[in-house]
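J.: I am sharing start.csv, which consists of CSV, C-alpha atoms:
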chain,number,residue,atom,x,y,z
Q,4,MET,CA,78.1,15.7,-58.1
Q,5,ASP,CA,81.6,17.0,-57.5
Q,6,ALA,CA,83.5,19.5,-59.7
Q,7,ALA,CA,85.3,16.7,-61.6
Q,8,GLN,CA,82.0,14.9,-62.4
Q,9,GLN,CA,80.4,18.2,-63.5
Q,10,GLU,CA,83.3,18.9,-65.8
Q,11,ALA,CA,83.2,15.4,-67.2
Q,12,THR,CA,79.4,15.7,-67.8
Q,13,ALA,CA,79.9,19.2,-69.5
Q,14,ARG,CA,82.6,17.7,-71.7
Q,15,ALA,CA,80.5,14.7,-72.7
Q,16,ARG,CA,77.6,17.0,-73.6
Q,17,GLU,CA,79.9,19.2,-75.7
Q,18,LEU,CA,81.1,16.1,-77.5
Q,19,GLN,CA,77.5,15.0,-78.1
Q,20,ARG,CA,76.8,18.5,-79.5
Q,21,ASN,CA,79.7,18.1,-82.0
Q,22,TRP,CA,78.8,14.5,-82.9
Q,23,TYR,CA,75.0,14.6,-83.0
Q,24,GLY,CA,74.2,18.3,-83.3
Q,25,GLU,CA,72.9,18.7,-79.8
Q,26,PRO,CA,73.3,16.9,-76.4
Q,27,LEU,CA,71.6,13.5,-76.5
Q,28,GLY,CA,69.4,14.4,-73.5
Q,29,ALA,CA,67.7,17.2,-75.5
Q,30,LEU,CA,67.6,15.0,-78.6
Q,31,PHE,CA,66.1,12.0,-76.8
Q,32,ARG,CA,63.6,14.2,-74.9
Q,33,LYS,CA,62.4,15.7,-78.3
Q,34,LEU,CA,61.9,12.2,-79.6
Q,35,ILE,CA,60.0,11.1,-76.5
Q,36,ASP,CA,57.7,14.1,-76.7
Q,37,ASP,CA,57.2,14.1,-80.5
Q,38,LEU,CA,56.6,10.4,-80.8
Q,39,GLY,CA,54.7,9.9,-77.5
Q,40,LEU,CA,57.2,7.5,-76.0
Q,41,ASN,CA,58.6,7.0,-72.5
Q,42,GLN,CA,62.3,6.3,-71.9
Q,43,ALA,CA,61.9,2.6,-71.7
Q,44,ARG,CA,60.1,2.4,-75.1
Q,45,LEU,CA,62.7,4.7,-76.7
Q,46,ALA,CA,65.5,2.5,-75.4
Q,47,GLY,CA,63.7,-0.5,-76.8
Q,48,VAL,CA,63.2,1.0,-80.3
Q,49,LEU,CA,66.8,2.2,-80.4
Q,50,GLY,CA,68.2,-1.2,-79.2
Q,51,LEU,CA,69.8,0.3,-76.1
Q,52,SER,CA,69.4,-0.8,-72.5
Q,53,ALA,CA,67.5,1.6,-70.3
Q,54,PRO,CA,70.6,2.3,-68.1
Q,55,MET,CA,72.6,3.1,-71.2
Q,56,LEU,CA,70.0,5.5,-72.5
Q,57,SER,CA,69.9,7.2,-69.1
Q,58,GLN,CA,73.7,7.5,-69.1
Q,59,LEU,CA,73.7,9.1,-72.6
Q,60,MET,CA,70.9,11.5,-71.6
Q,61,SER,CA,72.6,12.6,-68.4
Q,62,GLY,CA,76.0,13.0,-70.0
Q,63,GLN,CA,77.7,10.2,-68.0
Q,64,ARG,CA,78.5,8.7,-71.5
Q,65,ALA,CA,79.2,10.7,-74.5
Q,66,LYS,CA,79.0,8.5,-77.5
Q,67,ILE,CA,76.7,5.9,-78.9
Q,68,GLY,CA,79.0,3.0,-79.8
Q,69,ASN,CA,76.8,1.1,-82.2
Q,70,PRO,CA,76.4,2.6,-85.7
Q,71,ALA,CA,73.1,0.9,-86.1
Q,72,VAL,CA,71.7,2.7,-83.0
Q,73,VAL,CA,73.0,6.0,-84.5
Q,74,GLN,CA,71.1,5.3,-87.7
Q,75,ARG,CA,68.0,4.4,-85.7
Q,76,VAL,CA,68.2,7.7,-84.0
Q,77,GLN,CA,68.3,9.4,-87.4
Q,78,LEU,CA,65.4,7.4,-88.6
Q,79,LEU,CA,63.4,8.3,-85.5
Q,80,GLN,CA,64.3,12.0,-86.0
Q,81,ASP,CA,63.0,11.8,-89.6
Q,82,LEU,CA,59.8,10.0,-88.4
Q,83,ALA,CA,59.2,12.7,-85.7
Q,84,GLY,CA,59.5,15.3,-88.5
Q,85,GLN,CA,56.9,13.4,-90.6
Q,86,VAL,CA,54.6,13.1,-87.6
Q,87,ALA,CA,55.0,16.9,-86.9
Q,88,ASP,CA,54.2,17.9,-90.5
Q,89,GLY,CA,51.2,15.5,-90.6
Q,90,SER,CA,52.5,13.3,-93.4
Q,91,VAL,CA,52.6,10.3,-91.0
Q,92,SER,CA,49.7,9.5,-88.6
Q,93,ALA,CA,50.3,8.3,-85.0
Q,94,ALA,CA,49.2,4.8,-86.0
Q,95,GLU,CA,51.6,4.7,-88.9
Q,96,ALA,CA,54.4,6.1,-86.6
Q,97,THR,CA,53.8,3.1,-84.3
Q,98,ASP,CA,54.2,0.7,-87.1
Q,99,ARG,CA,57.3,2.5,-88.5
Q,100,MET,CA,58.9,2.5,-85.0
Q,101,GLU,CA,58.6,-1.3,-85.0
Q,102,GLU,CA,60.3,-1.4,-88.4
Q,103,ILE,CA,63.1,0.9,-87.1
Q,104,LYS,CA,63.5,-1.3,-84.0
Q,105,LYS,CA,64.1,-4.4,-86.2
Q,106,SER,CA,66.5,-2.6,-88.5
Q,107,GLN,CA,70.2,-3.5,-88.4
Q,108,GLY,CA,71.3,0.0,-89.4
Q,109,GLY,CA,70.4,-0.3,-93.1
Q,110,SER,CA,67.5,1.5,-94.7
Q,111,VAL,CA,64.1,0.5,-93.3
Q,112,LEU,CA,61.5,-0.9,-95.7
Q,113,SER,CA,57.9,0.3,-95.5
Q,114,ASN,CA,55.1,1.4,-97.7
Q,115,THR,CA,56.4,4.9,-97.6
Q,116,THR,CA,60.2,4.3,-97.6
Q,117,GLN,CA,61.1,1.8,-100.4
Q,118,THR,CA,64.7,1.1,-100.9
Q,119,THR,CA,64.3,0.3,-104.6
Q,120,SER,CA,61.9,1.4,-107.3
Q,121,SER,CA,59.8,-1.0,-109.3
Q,122,SER,CA,62.7,-1.0,-111.9
Q,123,GLY,CA,65.1,-2.3,-109.2
Q,124,ALA,CA,67.1,0.9,-109.0
Q,125,PRO,CA,67.8,2.5,-105.6
Q,126,THR,CA,65.4,5.3,-104.7
Q,127,VAL,CA,66.6,8.8,-104.1
Q,128,LYS,CA,66.1,8.4,-100.3
Q,129,ARG,CA,68.1,5.2,-100.3
Q,130,VAL,CA,71.0,6.9,-102.1
Q,131,VAL,CA,70.9,9.9,-99.8
Q,132,ARG,CA,70.9,7.7,-96.7
Q,133,GLU,CA,73.8,5.8,-98.0
Q,134,ILE,CA,75.8,9.0,-98.6
Q,135,GLN,CA,74.8,10.3,-95.1
Q,136,SER,CA,75.8,7.0,-93.5
Q,137,LEU,CA,79.1,7.0,-95.2
Q,138,LEU,CA,79.9,10.6,-94.3
Q,139,ARG,CA,78.8,10.1,-90.7
Q,140,SER,CA,80.9,7.0,-90.3
Q,141,VAL,CA,84.0,9.0,-91.3
Q,142,ALA,CA,83.5,12.0,-89.1
Q,143,ALA,CA,81.1,13.5,-86.5
Q,144,ALA,CA,78.7,16.2,-87.5
Q,145,GLY,CA,80.7,19.0,-85.8
Q,146,ASP,CA,83.8,17.9,-87.6
Q,147,ILE,CA,82.0,17.9,-90.9
Q,148,ILE,CA,80.6,21.3,-90.3
Q,149,GLU,CA,84.0,22.6,-89.4
Q,150,ALA,CA,85.4,21.1,-92.6
Q,151,ALA,CA,82.6,22.7,-94.6
Q,152,ASP,CA,83.3,26.1,-93.0
Q,153,THR,CA,87.0,25.7,-94.0
Q,154,LEU,CA,86.0,24.9,-97.6
Q,155,ALA,CA,83.3,27.5,-98.0
Q,156,PRO,CA,85.4,30.4,-99.2
Q,157,THR,CA,87.0,28.5,-102.0
Q,158,HIS,CA,84.6,25.6,-102.7
Q,159,PRO,CA,81.1,26.7,-101.6
Q,160,GLU,CA,79.3,23.9,-103.4
Q,161,LEU,CA,81.4,21.2,-101.7
Q,162,ALA,CA,80.9,22.9,-98.4
Q,163,GLU,CA,77.1,22.9,-98.9
Q,164,PHE,CA,77.3,19.2,-99.8
Q,165,LEU,CA,79.1,18.4,-96.6
Q,166,ARG,CA,76.7,20.4,-94.5
Q,167,VAL,CA,73.6,19.0,-96.1
Q,168,TYR,CA,74.6,15.3,-96.2
Q,169,GLY,CA,77.0,15.2,-93.2
Q,170,ALA,CA,75.0,17.1,-90.7
Q,171,GLY,CA,71.5,17.8,-92.1
Q,172,ARG,CA,68.2,16.1,-92.2
Q,173,THR,CA,67.4,13.4,-94.7
Q,174,SER,CA,64.5,15.3,-96.2
Q,175,ASP,CA,66.8,18.3,-96.9
Q,176,ALA,CA,69.4,16.0,-98.4
Q,177,VAL,CA,66.8,14.5,-100.7
Q,178,THR,CA,65.7,17.9,-101.9
Q,179,HIS,CA,69.4,18.8,-102.5
Q,180,TYR,CA,70.0,15.6,-104.4
Q,181,GLN,CA,66.9,16.0,-106.6
Q,182,SER,CA,67.9,19.7,-107.4
Q,183,HIS,CA,71.2,18.5,-108.7
Q,184,GLN,CA,70.0,15.7,-111.0
Q,185,SER,CA,70.1,16.4,-114.7
Could you spell out this file's structure in structure tokens?
T.:
Amino acid sequence: MDAAQQEATARARELQRNWYGEPLGALFRKLIDDLGLNQARLAGVLGLSAPMLSQLMSGQRAKIGNPAVVQRVQLLQDLAGQVADGSVSAAEATDRMEEIKKSQGGSVLSNTTQTTSSSGAPTVKRVVREIQSLLRSVAAAGDIIEAADTLAPTHPELAEFLRVYGAGRTSDAVTHYQSHQS
């Protein structure tokens, strides 16, 4: 790899860090390890070709172009956290990955992630994911954090909102949302 290619790769990884919180190579390796996948299976669940996944991991490409794939990444991160804390078994994780694979970027229905309550009202998780999706469609995580840092001295509550929903985990945003309900 020549100096220009190394510089382009470093720049792509820095962009990934700003957009996704970390370089995609590290993020995808965590998902592979935490969920017991290989690269081909991860690519399939995300809806990416294996070469595209490889290019994103190596820094040859910086951005995931399809918002549905970005949301699947977020859903897999949430799932990996649930597997790690023991709230989802390996067998359940396999079923949930199939649901995530079939999703078109909206919320995924399952026994543990309902999008509406029995009364027909959206669940807290659904509301939180919609807020996250909207914020993340407007700006990258790094930009949202930068905006939050700018607002923090004069508007700390708004800065916290941006950090939690714009760059945080869904579980943290659910906790935040529930703590602010009357």
J.: Let me make sure I understand: among Q:Arg172, Q:Arg129, Q:Arg14, Q:Arg75, which one has the smallest atom-to-atom distance to Q:Arg99 if we use all atoms listed in the file?
T.: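 Of the candidates, the smallest distance to Q:Arg99 is held by Q:Arg75.
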J.: Record the distance separating atom CA of Q:Val72 and atom CA of Q:Ala96, expressed in Å with one decimal.
T.: 18.0 Å
J.: Out of Q:Ile134, Q:Leu56, Q:Leu38, Q:Val177, which residue has the shortest atom-to-atom distance to Q:Val86 when counting all atoms listed in the file?
T.: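 Of all the options, Q:Leu38 lies closest to Q:Val86.
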J.: Go through Q:Tyr168, Q:Tyr180, Q:Trp22, Q:Phe31 one by one, measure the shortest atom-to-atom distance of each to Q:Ala43 using all atoms listed in the file, and give the residue with the smallest value.
T.: Q:Phe31
J.: Have a look at atom CA of Q:Glu17 and atom CA of Q:His179 and let me know their distance in Å, one decimal.
T.: 28.8 Å
J.: Do you have the atom CA of Q:Gly62-atom CA of Q:Ala15 distance handy?
T.: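 Distance reported for this atom pair: 5.5 Å.
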J.: Would you please work out which residue, of Q:Lys104, Q:Arg64, Q:Lys128, Q:Lys33, is nearest to Q:Gln8 when using only C-alpha atoms?
T.: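 The shortest atom-to-atom distance to Q:Gln8 comes from Q:Arg64.
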J.: Kindly assemble as a tab-separated table a list of the stretch 72-162 of chain Q residues that lie within 10 Å of stretch 46-50 of chain Q, each paired with its nearest atom pair and their distance in Å to one decimal, using all atoms listed in the file, sorted first by chain and then by ascending residue number.
T.:
residue	atom	partner	partner_atom	distance
Q:Val72	CA	Q:Leu49	CA	5.6
Q:Val73	CA	Q:Leu49	CA	8.3
Q:Gln74	CA	Q:Leu49	CA	9.0
Q:Arg75	CA	Q:Leu49	CA	5.9
Q:Val76	CA	Q:Leu49	CA	6.7
Q:Leu78	CA	Q:Leu49	CA	9.8
Q:Leu79	CA	Q:Leu49	CA	8.6
Q:Met100	CA	Q:Val48	CA	6.5
Q:Glu101	CA	Q:Val48	CA	7.0
Q:Glu102	CA	Q:Val48	CA	8.9
Q:Ile103	CA	Q:Val48	CA	6.8
Q:Lys104	CA	Q:Val48	CA	4.4
Q:Lys105	CA	Q:Val48	CA	8.0
Q:Ser106	CA	Q:Leu49	CA	9.4
Q:Gln107	CA	Q:Gly50	CA	9.7
J.: Between Q:Leu45, Q:Ala29, Q:Ile147, Q:Leu154, which one has atoms that come closest to Q:Ala170, using only C-alpha atoms?
T.: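 Residue with the minimum atom-to-atom distance to Q:Ala170: Q:Ile147.
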J.: Give me the residues within 9 Å of Q:Asp152 as a compact mmCIF listing (two decimals) with C-alpha atoms, in the coordinates of the input, counting only C-alpha atoms and dropping any in the same chain fewer than 4 places off.
T.:
# COMPACT_ATOMS: atom_id res chain seq x y z
CA ILE Q 147 82.00 17.90 -90.90
CA ILE Q 148 80.60 21.30 -90.30
CA PRO Q 156 85.40 30.40 -99.20
CA PRO Q 159 81.10 26.70 -101.60
CA ALA Q 162 80.90 22.90 -98.40
CA ARG Q 166 76.70 20.40 -94.50
J.: Nearest residue to Q:Gly39 out of Q:Leu82, Q:Leu27, Q:Ala93, Q:Ala13, using all atoms listed in the file?
T.: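 Checking each candidate against Q:Gly39, we get Q:Ala93 as the closest.
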J.: Which residues, protein or nucleic acid, reach to within 10 Å of (73.0, 11.7, -74.2) in the file's coordinates when using only C-alpha atoms, and can you give that as a ChimeraX atom specification?
T.: /Q:12,15-16,18-20,23,25-32,55-67
J.: Show me the residues around (67.4, 10.1, -97.6) - criterion: an atom at most 12 Å away, all atoms listed in the file counted - as a PDB file with C-alpha atoms, keeping the file's coordinate frame.
T.:
ATOM      1  CA  GLN Q  74      71.100   5.300 -87.700  1.00  0.00           C
ATOM      2  CA  GLN Q  77      68.300   9.400 -87.400  1.00  0.00           C
ATOM      3  CA  LEU Q  78      65.400   7.400 -88.600  1.00  0.00           C
ATOM      4  CA  ASP Q  81      63.000  11.800 -89.600  1.00  0.00           C
ATOM      5  CA  LEU Q  82      59.800  10.000 -88.400  1.00  0.00           C
ATOM      6  CA  GLY Q 109      70.400  -0.300 -93.100  1.00  0.00           C
ATOM      7  CA  SER Q 110      67.500   1.500 -94.700  1.00  0.00           C
ATOM      8  CA  VAL Q 111      64.100   0.500 -93.300  1.00  0.00           C
ATOM      9  CA  THR Q 116      60.200   4.300 -97.600  1.00  0.00           C
ATOM     10  CA  GLN Q 117      61.100   1.800-100.400  1.00  0.00           C
ATOM     11  CA  THR Q 118      64.700   1.100-100.900  1.00  0.00           C
ATOM     12  CA  PRO Q 125      67.800   2.500-105.600  1.00  0.00           C
ATOM     13  CA  THR Q 126      65.400   5.300-104.700  1.00  0.00           C
ATOM     14  CA  VAL Q 127      66.600   8.800-104.100  1.00  0.00           C
ATOM     15  CA  LYS Q 128      66.100   8.400-100.300  1.00  0.00           C
ATOM     16  CA  ARG Q 129      68.100   5.200-100.300  1.00  0.00           C
ATOM     17  CA  VAL Q 130      71.000   6.900-102.100  1.00  0.00           C
ATOM     18  CA  VAL Q 131      70.900   9.900 -99.800  1.00  0.00           C
ATOM     19  CA  ARG Q 132      70.900   7.700 -96.700  1.00  0.00           C
ATOM     20  CA  GLU Q 133      73.800   5.800 -98.000  1.00  0.00           C
ATOM     21  CA  ILE Q 134      75.800   9.000 -98.600  1.00  0.00           C
ATOM     22  CA  GLN Q 135      74.800  10.300 -95.100  1.00  0.00           C
ATOM     23  CA  SER Q 136      75.800   7.000 -93.500  1.00  0.00           C
ATOM     24  CA  VAL Q 167      73.600  19.000 -96.100  1.00  0.00           C
ATOM     25  CA  TYR Q 168      74.600  15.300 -96.200  1.00  0.00           C
ATOM     26  CA  GLY Q 169      77.000  15.200 -93.200  1.00  0.00           C
ATOM     27  CA  GLY Q 171      71.500  17.800 -92.100  1.00  0.00           C
ATOM     28  CA  ARG Q 172      68.200  16.100 -92.200  1.00  0.00           C
ATOM     29  CA  THR Q 173      67.400  13.400 -94.700  1.00  0.00           C
ATOM     30  CA  SER Q 174      64.500  15.300 -96.200  1.00  0.00           C
ATOM     31  CA  ASP Q 175      66.800  18.300 -96.900  1.00  0.00           C
ATOM     32  CA  ALA Q 176      69.400  16.000 -98.400  1.00  0.00           C
ATOM     33  CA  VAL Q 177      66.800  14.500-100.700  1.00  0.00           C
ATOM     34  CA  THR Q 178      65.700  17.900-101.900  1.00  0.00           C
ATOM     35  CA  HIS Q 179      69.400  18.800-102.500  1.00  0.00           C
ATOM     36  CA  TYR Q 180      70.000  15.600-104.400  1.00  0.00           C
ATOM     37  CA  GLN Q 181      66.900  16.000-106.600  1.00  0.00           C
TER      38      GLN Q 181
END
J.: Have stretch 60-82 of chain Q completed to N, CA and C atoms, please, and pass it along as a compact mmCIF listing (two decimals), keeping the file's coordinate frame.
T.:
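part.txt, written as the output of this step:
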# COMPACT_ATOMS: atom_id res chain seq x y z
N MET Q 60 71.73 10.28 -71.84
CA MET Q 60 70.90 11.50 -71.60
C MET Q 60 71.52 12.38 -70.55
N SER Q 61 72.09 11.79 -69.51
CA SER Q 61 72.60 12.60 -68.40
C SER Q 61 74.05 13.07 -68.65
N GLY Q 62 74.68 12.60 -69.72
CA GLY Q 62 76.00 13.00 -70.00
C GLY Q 62 77.09 12.17 -69.27
N GLN Q 63 76.68 11.05 -68.66
CA GLN Q 63 77.70 10.20 -68.00
C GLN Q 63 78.45 9.42 -69.12
N ARG Q 64 77.83 9.23 -70.27
CA ARG Q 64 78.50 8.70 -71.50
C ARG Q 64 78.29 9.66 -72.58
N ALA Q 65 79.32 9.75 -73.44
CA ALA Q 65 79.20 10.70 -74.50
C ALA Q 65 78.75 10.14 -75.83
N LYS Q 66 79.22 8.96 -76.18
CA LYS Q 66 79.00 8.50 -77.50
C LYS Q 66 78.20 7.19 -77.58
N ILE Q 67 77.39 7.10 -78.63
CA ILE Q 67 76.70 5.90 -78.90
C ILE Q 67 77.66 5.02 -79.71
N GLY Q 68 77.99 3.86 -79.18
CA GLY Q 68 79.00 3.00 -79.80
C GLY Q 68 78.59 2.23 -81.00
N ASN Q 69 77.32 1.96 -81.12
CA ASN Q 69 76.80 1.10 -82.20
C ASN Q 69 76.29 1.94 -83.35
N PRO Q 70 76.89 1.84 -84.55
CA PRO Q 70 76.40 2.60 -85.70
C PRO Q 70 74.96 2.37 -86.05
N ALA Q 71 74.47 1.15 -85.82
CA ALA Q 71 73.10 0.90 -86.10
C ALA Q 71 72.15 1.66 -85.21
N VAL Q 72 72.54 1.88 -83.96
CA VAL Q 72 71.70 2.70 -83.00
C VAL Q 72 71.73 4.14 -83.50
N VAL Q 73 72.89 4.63 -83.94
CA VAL Q 73 73.00 6.00 -84.50
C VAL Q 73 72.01 6.16 -85.64
N GLN Q 74 71.99 5.17 -86.52
CA GLN Q 74 71.10 5.30 -87.70
C GLN Q 74 69.63 5.19 -87.22
N ARG Q 75 69.33 4.39 -86.21
CA ARG Q 75 68.00 4.40 -85.70
C ARG Q 75 67.55 5.71 -85.13
N VAL Q 76 68.49 6.39 -84.46
CA VAL Q 76 68.20 7.70 -84.00
C VAL Q 76 67.84 8.65 -85.13
N GLN Q 77 68.62 8.58 -86.20
CA GLN Q 77 68.30 9.40 -87.40
C GLN Q 77 66.99 9.06 -88.00
N LEU Q 78 66.67 7.79 -88.08
CA LEU Q 78 65.40 7.40 -88.60
C LEU Q 78 64.23 7.88 -87.74
N LEU Q 79 64.42 7.83 -86.42
CA LEU Q 79 63.40 8.30 -85.50
C LEU Q 79 63.24 9.85 -85.64
N GLN Q 80 64.34 10.56 -85.85
CA GLN Q 80 64.30 12.00 -86.00
C GLN Q 80 63.46 12.31 -87.32
N ASP Q 81 63.74 11.58 -88.38
CA ASP Q 81 63.00 11.80 -89.60
C ASP Q 81 61.51 11.47 -89.39
N LEU Q 82 61.21 10.38 -88.68
CA LEU Q 82 59.80 10.00 -88.40
C LEU Q 82 59.14 11.09 -87.56
